[in-house]
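Q: input_27.pdb is reproduced below (PDB, N, CA and C atoms).
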MODEL        1
ATOM      1  N   MET A   1       0.837  -1.188   0.000
ATOM      2  CA  MET A   1       0.000   0.000   0.000
ATOM      3  C   MET A   1       0.879   1.247   0.000
ATOM      4  N   GLN A   2       0.552   2.182  -0.862
ATOM      5  CA  GLN A   2       1.326   3.415  -0.928
ATOM      6  C   GLN A   2       0.534   4.539  -0.279
ATOM      7  N   ASN A   3       1.134   5.178   0.713
ATOM      8  CA  ASN A   3       0.522   6.327   1.369
ATOM      9  C   ASN A   3       1.182   7.583   0.840
ATOM     10  N   ARG A   4       0.387   8.506   0.381
ATOM     11  CA  ARG A   4       0.899   9.754  -0.154
ATOM     12  C   ARG A   4       0.341  10.918   0.645
ATOM     13  N   LEU A   5       1.151  11.922   0.810
ATOM     14  CA  LEU A   5       0.778  13.150   1.488
ATOM     15  C   LEU A   5       0.562  14.208   0.418
ATOM     16  N   VAL A   6      -0.535  14.943   0.508
ATOM     17  CA  VAL A   6      -0.794  16.060  -0.402
ATOM     18  C   VAL A   6      -0.865  17.317   0.457
ATOM     19  N   LEU A   7      -0.078  18.317   0.100
ATOM     20  CA  LEU A   7       0.049  19.524   0.913
ATOM     21  C   LEU A   7       0.126  20.739   0.009
ATOM     22  N   THR A   8      -0.688  21.743   0.302
ATOM     23  CA  THR A   8      -0.583  23.017  -0.403
ATOM     24  C   THR A   8       0.201  23.960   0.494
ATOM     25  N   ALA A   9       1.249  24.566  -0.063
ATOM     26  CA  ALA A   9       2.152  25.385   0.741
ATOM     27  C   ALA A   9       2.850  26.410  -0.142
ATOM     28  N   THR A  10       3.458  27.385   0.514
ATOM     29  CA  THR A  10       4.277  28.374  -0.181
ATOM     30  C   THR A  10       5.740  28.016   0.020
ATOM     31  N   VAL A  11       6.498  28.041  -1.060
ATOM     32  CA  VAL A  11       7.928  27.743  -0.968
ATOM     33  C   VAL A  11       8.617  28.989  -0.415
ATOM     34  N   GLU A  12       9.057  28.902   0.836
ATOM     35  CA  GLU A  12       9.702  30.033   1.515
ATOM     36  C   GLU A  12      11.143  30.213   1.074
ATOM     37  N   ARG A  13      11.885  29.098   1.001
ATOM     38  CA  ARG A  13      13.298  29.144   0.609
ATOM     39  C   ARG A  13      13.586  27.965  -0.295
ATOM     40  N   GLU A  14      14.435  28.214  -1.273
ATOM     41  CA  GLU A  14      14.841  27.154  -2.196
ATOM     42  C   GLU A  14      16.362  27.208  -2.346
ATOM     43  N   GLU A  15      17.004  26.087  -2.103
ATOM     44  CA  GLU A  15      18.453  26.009  -2.268
ATOM     45  C   GLU A  15      18.795  25.871  -3.753
ATOM     46  N   ASP A  16      20.040  26.131  -4.097
ATOM     47  CA  ASP A  16      20.500  25.947  -5.469
ATOM     48  C   ASP A  16      20.486  24.467  -5.831
ATOM     49  N   LEU A  17      20.294  24.197  -7.094
ATOM     50  CA  LEU A  17      20.366  22.826  -7.597
ATOM     51  C   LEU A  17      21.748  22.265  -7.287
ATOM     52  N   ARG A  18      21.765  21.049  -6.763
ATOM     53  CA  ARG A  18      23.034  20.372  -6.507
ATOM     54  C   ARG A  18      22.921  18.951  -7.038
ATOM     55  N   TYR A  19      24.036  18.250  -7.034
ATOM     56  CA  TYR A  19      24.059  16.874  -7.512
ATOM     57  C   TYR A  19      24.650  15.966  -6.443
ATOM     58  N   THR A  20      24.076  14.775  -6.296
ATOM     59  CA  THR A  20      24.613  13.785  -5.373
ATOM     60  C   THR A  20      25.918  13.240  -5.960
ATOM     61  N   PRO A  21      26.705  12.531  -5.155
ATOM     62  CA  PRO A  21      27.922  11.916  -5.705
ATOM     63  C   PRO A  21      27.633  10.987  -6.898
ATOM     64  N   ALA A  22      26.400  10.464  -6.966
ATOM     65  CA  ALA A  22      26.023   9.597  -8.089
ATOM     66  C   ALA A  22      25.527  10.394  -9.297
ATOM     67  N   GLY A  23      25.532  11.746  -9.177
ATOM     68  CA  GLY A  23      25.123  12.589 -10.296
ATOM     69  C   GLY A  23      23.632  12.858 -10.388
ATOM     70  N   ILE A  24      22.883  12.584  -9.317
ATOM     71  CA  ILE A  24      21.435  12.795  -9.319
ATOM     72  C   ILE A  24      21.135  14.234  -8.880
ATOM     73  N   PRO A  25      20.327  14.980  -9.670
ATOM     74  CA  PRO A  25      19.990  16.357  -9.290
ATOM     75  C   PRO A  25      19.066  16.400  -8.073
ATOM     76  N   VAL A  26      19.306  17.387  -7.197
ATOM     77  CA  VAL A  26      18.535  17.545  -5.955
ATOM     78  C   VAL A  26      18.297  19.031  -5.700
ATOM     79  N   VAL A  27      17.063  19.376  -5.315
ATOM     80  CA  VAL A  27      16.741  20.725  -4.835
ATOM     81  C   VAL A  27      16.099  20.572  -3.465
ATOM     82  N   GLU A  28      16.679  21.225  -2.461
ATOM     83  CA  GLU A  28      16.099  21.239  -1.120
ATOM     84  C   GLU A  28      15.383  22.561  -0.929
ATOM     85  N   MET A  29      14.292  22.522  -0.164
ATOM     86  CA  MET A  29      13.505  23.734   0.060
ATOM     87  C   MET A  29      12.774  23.650   1.389
ATOM     88  N   TRP A  30      12.235  24.761   1.811
ATOM     89  CA  TRP A  30      11.411  24.844   3.009
ATOM     90  C   TRP A  30      10.088  25.439   2.586
ATOM     91  N   VAL A  31       9.012  24.755   2.950
ATOM     92  CA  VAL A  31       7.679  25.195   2.555
ATOM     93  C   VAL A  31       6.854  25.529   3.786
ATOM     94  N   ARG A  32       5.969  26.528   3.654
ATOM     95  CA  ARG A  32       5.109  26.942   4.760
ATOM     96  C   ARG A  32       3.655  26.664   4.391
ATOM     97  N   HIS A  33       3.007  25.894   5.265
ATOM     98  CA  HIS A  33       1.595  25.541   5.092
ATOM     99  C   HIS A  33       0.768  26.280   6.131
ATOM    100  N   GLN A  34      -0.382  26.839   5.709
ATOM    101  CA  GLN A  34      -1.333  27.460   6.630
ATOM    102  C   GLN A  34      -2.733  27.070   6.172
ATOM    103  N   SER A  35      -3.557  26.638   7.116
ATOM    104  CA  SER A  35      -4.929  26.285   6.780
ATOM    105  C   SER A  35      -5.785  26.270   8.046
ATOM    106  N   ARG A  36      -7.057  26.008   7.851
ATOM    107  CA  ARG A  36      -7.991  25.828   8.961
ATOM    108  C   ARG A  36      -8.469  24.388   8.874
ATOM    109  N   GLN A  37      -8.322  23.642   9.970
ATOM    110  CA  GLN A  37      -8.629  22.217   9.973
ATOM    111  C   GLN A  37      -9.596  21.888  11.112
ATOM    112  N   ALA A  38     -10.384  20.845  10.902
ATOM    113  CA  ALA A  38     -11.286  20.353  11.945
ATOM    114  C   ALA A  38     -10.616  19.178  12.646
ATOM    115  N   ALA A  39     -10.621  19.218  13.968
ATOM    116  CA  ALA A  39     -10.051  18.129  14.770
ATOM    117  C   ALA A  39     -10.885  17.986  16.034
ATOM    118  N   GLY A  40     -11.406  16.795  16.261
ATOM    119  CA  GLY A  40     -12.196  16.550  17.465
ATOM    120  C   GLY A  40     -13.460  17.380  17.522
ATOM    121  N   GLY A  41     -13.999  17.715  16.365
ATOM    122  CA  GLY A  41     -15.227  18.499  16.322
ATOM    123  C   GLY A  41     -15.022  19.999  16.426
ATOM    124  N   PHE A  42     -13.773  20.444  16.489
ATOM    125  CA  PHE A  42     -13.477  21.870  16.585
ATOM    126  C   PHE A  42     -12.594  22.290  15.418
ATOM    127  N   GLU A  43     -12.740  23.526  14.984
ATOM    128  CA  GLU A  43     -11.857  24.046  13.946
ATOM    129  C   GLU A  43     -10.712  24.788  14.592
ATOM    130  N   ARG A  44      -9.549  24.667  13.955
ATOM    131  CA  ARG A  44      -8.379  25.382  14.463
ATOM    132  C   ARG A  44      -7.487  25.789  13.303
ATOM    133  N   ASP A  45      -6.734  26.861  13.521
ATOM    134  CA  ASP A  45      -5.758  27.312  12.536
ATOM    135  C   ASP A  45      -4.509  26.453  12.673
ATOM    136  N   VAL A  46      -3.966  26.053  11.536
ATOM    137  CA  VAL A  46      -2.781  25.205  11.499
ATOM    138  C   VAL A  46      -1.715  25.911  10.671
ATOM    139  N   ALA A  47      -0.487  25.914  11.158
ATOM    140  CA  ALA A  47       0.633  26.480  10.403
ATOM    141  C   ALA A  47       1.880  25.678  10.740
ATOM    142  N   CYS A  48       2.695  25.431   9.727
ATOM    143  CA  CYS A  48       3.950  24.729   9.960
ATOM    144  C   CYS A  48       4.908  25.004   8.809
ATOM    145  N   GLU A  49       6.186  24.830   9.089
ATOM    146  CA  GLU A  49       7.214  24.902   8.055
ATOM    147  C   GLU A  49       7.836  23.517   7.956
ATOM    148  N   ILE A  50       7.987  23.028   6.740
ATOM    149  CA  ILE A  50       8.480  21.682   6.500
ATOM    150  C   ILE A  50       9.643  21.734   5.526
ATOM    151  N   GLN A  51      10.686  20.986   5.816
ATOM    152  CA  GLN A  51      11.770  20.838   4.860
ATOM    153  C   GLN A  51      11.326  19.823   3.818
ATOM    154  N   ALA A  52      11.625  20.108   2.561
ATOM    155  CA  ALA A  52      11.222  19.221   1.476
ATOM    156  C   ALA A  52      12.380  19.062   0.500
ATOM    157  N   VAL A  53      12.347  17.961  -0.255
ATOM    158  CA  VAL A  53      13.404  17.688  -1.216
ATOM    159  C   VAL A  53      12.778  17.162  -2.510
ATOM    160  N   LEU A  54      13.291  17.651  -3.624
ATOM    161  CA  LEU A  54      12.865  17.222  -4.946
ATOM    162  C   LEU A  54      14.084  16.601  -5.615
ATOM    163  N   ILE A  55      13.942  15.365  -6.084
ATOM    164  CA  ILE A  55      15.085  14.605  -6.600
ATOM    165  C   ILE A  55      14.809  14.157  -8.031
ATOM    166  N   GLY A  56      15.852  14.125  -8.837
ATOM    167  CA  GLY A  56      15.732  13.597 -10.194
ATOM    168  C   GLY A  56      15.492  14.684 -11.217
ATOM    169  N   GLU A  57      14.924  14.286 -12.344
ATOM    170  CA  GLU A  57      14.722  15.219 -13.455
ATOM    171  C   GLU A  57      13.820  16.387 -13.076
ATOM    172  N   ASP A  58      12.830  16.146 -12.192
ATOM    173  CA  ASP A  58      11.972  17.252 -11.736
ATOM    174  C   ASP A  58      12.785  18.316 -11.003
ATOM    175  N   ALA A  59      13.813  17.910 -10.269
ATOM    176  CA  ALA A  59      14.672  18.876  -9.577
ATOM    177  C   ALA A  59      15.334  19.806 -10.595
ATOM    178  N   ARG A  60      15.828  19.240 -11.662
ATOM    179  CA  ARG A  60      16.465  20.053 -12.714
ATOM    180  C   ARG A  60      15.430  20.963 -13.378
ATOM    181  N   GLN A  61      14.239  20.433 -13.644
ATOM    182  CA  GLN A  61      13.189  21.189 -14.330
ATOM    183  C   GLN A  61      12.693  22.378 -13.504
ATOM    184  N   TYR A  62      12.526  22.178 -12.183
ATOM    185  CA  TYR A  62      11.935  23.216 -11.334
ATOM    186  C   TYR A  62      12.961  24.088 -10.612
ATOM    187  N   ALA A  63      14.223  23.765 -10.704
ATOM    188  CA  ALA A  63      15.262  24.523  -9.987
ATOM    189  C   ALA A  63      15.173  26.013 -10.324
ATOM    190  N   GLY A  64      15.142  26.833  -9.273
ATOM    191  CA  GLY A  64      15.094  28.279  -9.440
ATOM    192  C   GLY A  64      13.718  28.840  -9.757
ATOM    193  N   LYS A  65      12.705  27.995  -9.835
ATOM    194  CA  LYS A  65      11.358  28.441 -10.219
ATOM    195  C   LYS A  65      10.333  28.317  -9.105
ATOM    196  N   LEU A  66      10.729  27.799  -7.938
ATOM    197  CA  LEU A  66       9.764  27.483  -6.894
ATOM    198  C   LEU A  66       9.629  28.554  -5.822
ATOM    199  N   ALA A  67      10.717  29.183  -5.428
ATOM    200  CA  ALA A  67      10.699  30.127  -4.308
ATOM    201  C   ALA A  67       9.654  31.220  -4.523
ATOM    202  N   GLY A  68       8.840  31.435  -3.481
ATOM    203  CA  GLY A  68       7.818  32.469  -3.512
ATOM    204  C   GLY A  68       6.495  32.014  -4.089
ATOM    205  N   ASN A  69       6.448  30.843  -4.677
ATOM    206  CA  ASN A  69       5.217  30.336  -5.285
ATOM    207  C   ASN A  69       4.445  29.448  -4.321
ATOM    208  N   THR A  70       3.120  29.430  -4.508
ATOM    209  CA  THR A  70       2.275  28.496  -3.789
ATOM    210  C   THR A  70       2.098  27.282  -4.685
ATOM    211  N   VAL A  71       2.318  26.119  -4.103
ATOM    212  CA  VAL A  71       2.291  24.866  -4.858
ATOM    213  C   VAL A  71       1.524  23.807  -4.082
ATOM    214  N   THR A  72       0.992  22.837  -4.808
ATOM    215  CA  THR A  72       0.446  21.644  -4.184
ATOM    216  C   THR A  72       1.467  20.545  -4.422
ATOM    217  N   LEU A  73       1.947  19.963  -3.335
ATOM    218  CA  LEU A  73       2.996  18.954  -3.393
ATOM    219  C   LEU A  73       2.423  17.595  -3.024
ATOM    220  N   THR A  74       2.809  16.586  -3.761
ATOM    221  CA  THR A  74       2.443  15.211  -3.441
ATOM    222  C   THR A  74       3.734  14.452  -3.205
ATOM    223  N   GLY A  75       3.777  13.685  -2.121
ATOM    224  CA  GLY A  75       4.982  12.935  -1.816
ATOM    225  C   GLY A  75       4.810  12.088  -0.581
ATOM    226  N   PHE A  76       5.921  11.839   0.082
ATOM    227  CA  PHE A  76       5.898  11.014   1.285
ATOM    228  C   PHE A  76       6.915  11.553   2.278
ATOM    229  N   LEU A  77       6.693  11.239   3.552
ATOM    230  CA  LEU A  77       7.608  11.651   4.610
ATOM    231  C   LEU A  77       8.631  10.552   4.871
ATOM    232  N   SER A  78       9.862  10.973   5.128
ATOM    233  CA  SER A  78      10.899  10.030   5.540
ATOM    234  C   SER A  78      11.888  10.779   6.419
ATOM    235  N   GLN A  79      12.758  10.036   7.075
ATOM    236  CA  GLN A  79      13.803  10.719   7.832
ATOM    237  C   GLN A  79      14.849  11.222   6.851
ATOM    238  N   ARG A  80      15.540  12.280   7.248
ATOM    239  CA  ARG A  80      16.492  12.942   6.352
ATOM    240  C   ARG A  80      17.596  11.989   5.887
ATOM    241  N   SER A  81      18.115  11.182   6.785
ATOM    242  CA  SER A  81      19.167  10.223   6.436
ATOM    243  C   SER A  81      19.172   9.125   7.492
ATOM    244  N   LEU A  82      20.027   8.143   7.307
ATOM    245  CA  LEU A  82      20.115   7.061   8.293
ATOM    246  C   LEU A  82      20.542   7.575   9.658
ATOM    247  N   LYS A  83      21.346   8.646   9.667
ATOM    248  CA  LYS A  83      21.847   9.192  10.933
ATOM    249  C   LYS A  83      21.070  10.404  11.431
ATOM    250  N   ASN A  84      20.167  10.938  10.604
ATOM    251  CA  ASN A  84      19.411  12.128  10.983
ATOM    252  C   ASN A  84      17.921  11.812  10.897
ATOM    253  N   PRO A  85      17.225  11.682  12.052
ATOM    254  CA  PRO A  85      15.818  11.287  12.051
ATOM    255  C   PRO A  85      14.835  12.409  11.723
ATOM    256  N   ARG A  86      15.309  13.618  11.455
ATOM    257  CA  ARG A  86      14.411  14.734  11.159
ATOM    258  C   ARG A  86      13.572  14.418   9.915
ATOM    259  N   LEU A  87      12.269  14.721   9.988
ATOM    260  CA  LEU A  87      11.371  14.437   8.874
ATOM    261  C   LEU A  87      11.578  15.386   7.699
ATOM    262  N   VAL A  88      11.491  14.819   6.503
ATOM    263  CA  VAL A  88      11.597  15.577   5.259
ATOM    264  C   VAL A  88      10.492  15.092   4.330
ATOM    265  N   LEU A  89       9.845  16.026   3.630
ATOM    266  CA  LEU A  89       8.864  15.678   2.616
ATOM    267  C   LEU A  89       9.607  15.396   1.313
ATOM    268  N   ASN A  90       9.519  14.184   0.823
ATOM    269  CA  ASN A  90      10.109  13.794  -0.455
ATOM    270  C   ASN A  90       9.055  14.043  -1.524
ATOM    271  N   ILE A  91       9.280  15.029  -2.373
ATOM    272  CA  ILE A  91       8.278  15.459  -3.356
ATOM    273  C   ILE A  91       8.339  14.560  -4.582
ATOM    274  N   GLU A  92       7.162  14.080  -4.974
ATOM    275  CA  GLU A  92       7.048  13.269  -6.187
ATOM    276  C   GLU A  92       6.318  14.022  -7.299
ATOM    277  N   TYR A  93       5.495  15.009  -6.936
ATOM    278  CA  TYR A  93       4.732  15.747  -7.939
ATOM    279  C   TYR A  93       4.529  17.179  -7.452
ATOM    280  N   VAL A  94       4.704  18.149  -8.353
ATOM    281  CA  VAL A  94       4.545  19.569  -8.057
ATOM    282  C   VAL A  94       3.484  20.142  -8.991
ATOM    283  N   GLU A  95       2.538  20.883  -8.405
ATOM    284  CA  GLU A  95       1.548  21.594  -9.208
ATOM    285  C   GLU A  95       1.476  23.024  -8.695
ATOM    286  N   PHE A  96       1.695  24.001  -9.580
ATOM    287  CA  PHE A  96       1.592  25.400  -9.189
ATOM    288  C   PHE A  96       0.121  25.759  -8.989
ATOM    289  N   VAL A  97      -0.161  26.496  -7.896
ATOM    290  CA  VAL A  97      -1.515  26.947  -7.592
ATOM    291  C   VAL A  97      -1.702  28.298  -8.254
ATOM    292  N   LYS A  98      -2.728  28.403  -9.060
ATOM    293  CA  LYS A  98      -3.019  29.674  -9.733
ATOM    294  C   LYS A  98      -3.690  30.596  -8.739
ATOM    295  N   GLY A  99      -3.164  31.799  -8.651
ATOM    296  CA  GLY A  99      -3.696  32.701  -7.654
ATOM    297  C   GLY A  99      -4.205  33.939  -8.234
TER     298      GLY A  99
ENDMDL
END
Would you encode the structure as structure tokens?

A:
Amino acid sequence: MQNRLVLTATVEREEDLRYTPAGIPVVEMWVRHQSRQAAGGFERDVACEIQAVLIGEDARQYAGKLAGNTVTLTGFLSQRSLKNPRLVLNIEYVEFVKG
């Protein structure tokens, strides 16, 4: 079973395109999500900043074009690395939100 996370957020910061030692393109970014959600029968304002990473050909395609834009991201959460348990959103699909 594949679990996917869908999140609409604004790209606050975008790092420069870089390449892994294996030559794979990577763009790291920080996205800010704000919404109103229902939990336990009550509505509440929700806000968070999440580190996200875009890997592969999409990283090359979107590099330098994301910062400041609102996007809907589809992906999955994982720890940053084997030694770093911090959560990172691994982006599989990017859609720009028309505003």

Q: Considering only N, CA and C atoms, can you say which of A:Glu15, A:Pro25, A:Trp30, A:Arg80 comes closest to Ala52 (chain A)?

A: A:Trp30

Q: Could you write out, as a PyMOL selection string, all the residues of chain A that DSSP marks as strand (DSSP E)?

A: chain A and resi 5-14+18-19+25-39+42-55+70-79+87-96

Q: Kindly give the distance, in Å, that separates atom C of Arg18 (chain A) and CA of Lys98 (chain A), rounded to a single decimal.

A: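 CA of Lys98 (chain A) lies at a distance of 28.2 Å from atom C of Arg18 (chain A).
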
Q: Compare A:Phe42, A:Gln61, A:Thr70, A:Glu14 by their minimum atom-to-atom distance to Gly99 (chain A), counting all atoms listed in the file, and give me the closest one.

A: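 Residue with the minimum atom-to-atom distance to Gly99 (chain A): A:Thr70.
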
Q: With distances taken over only C-alpha atoms, which of A:Arg60, A:Lys65, A:Arg32, A:Arg4 is nearest to Leu17 (chain A)?

A: A:Arg60
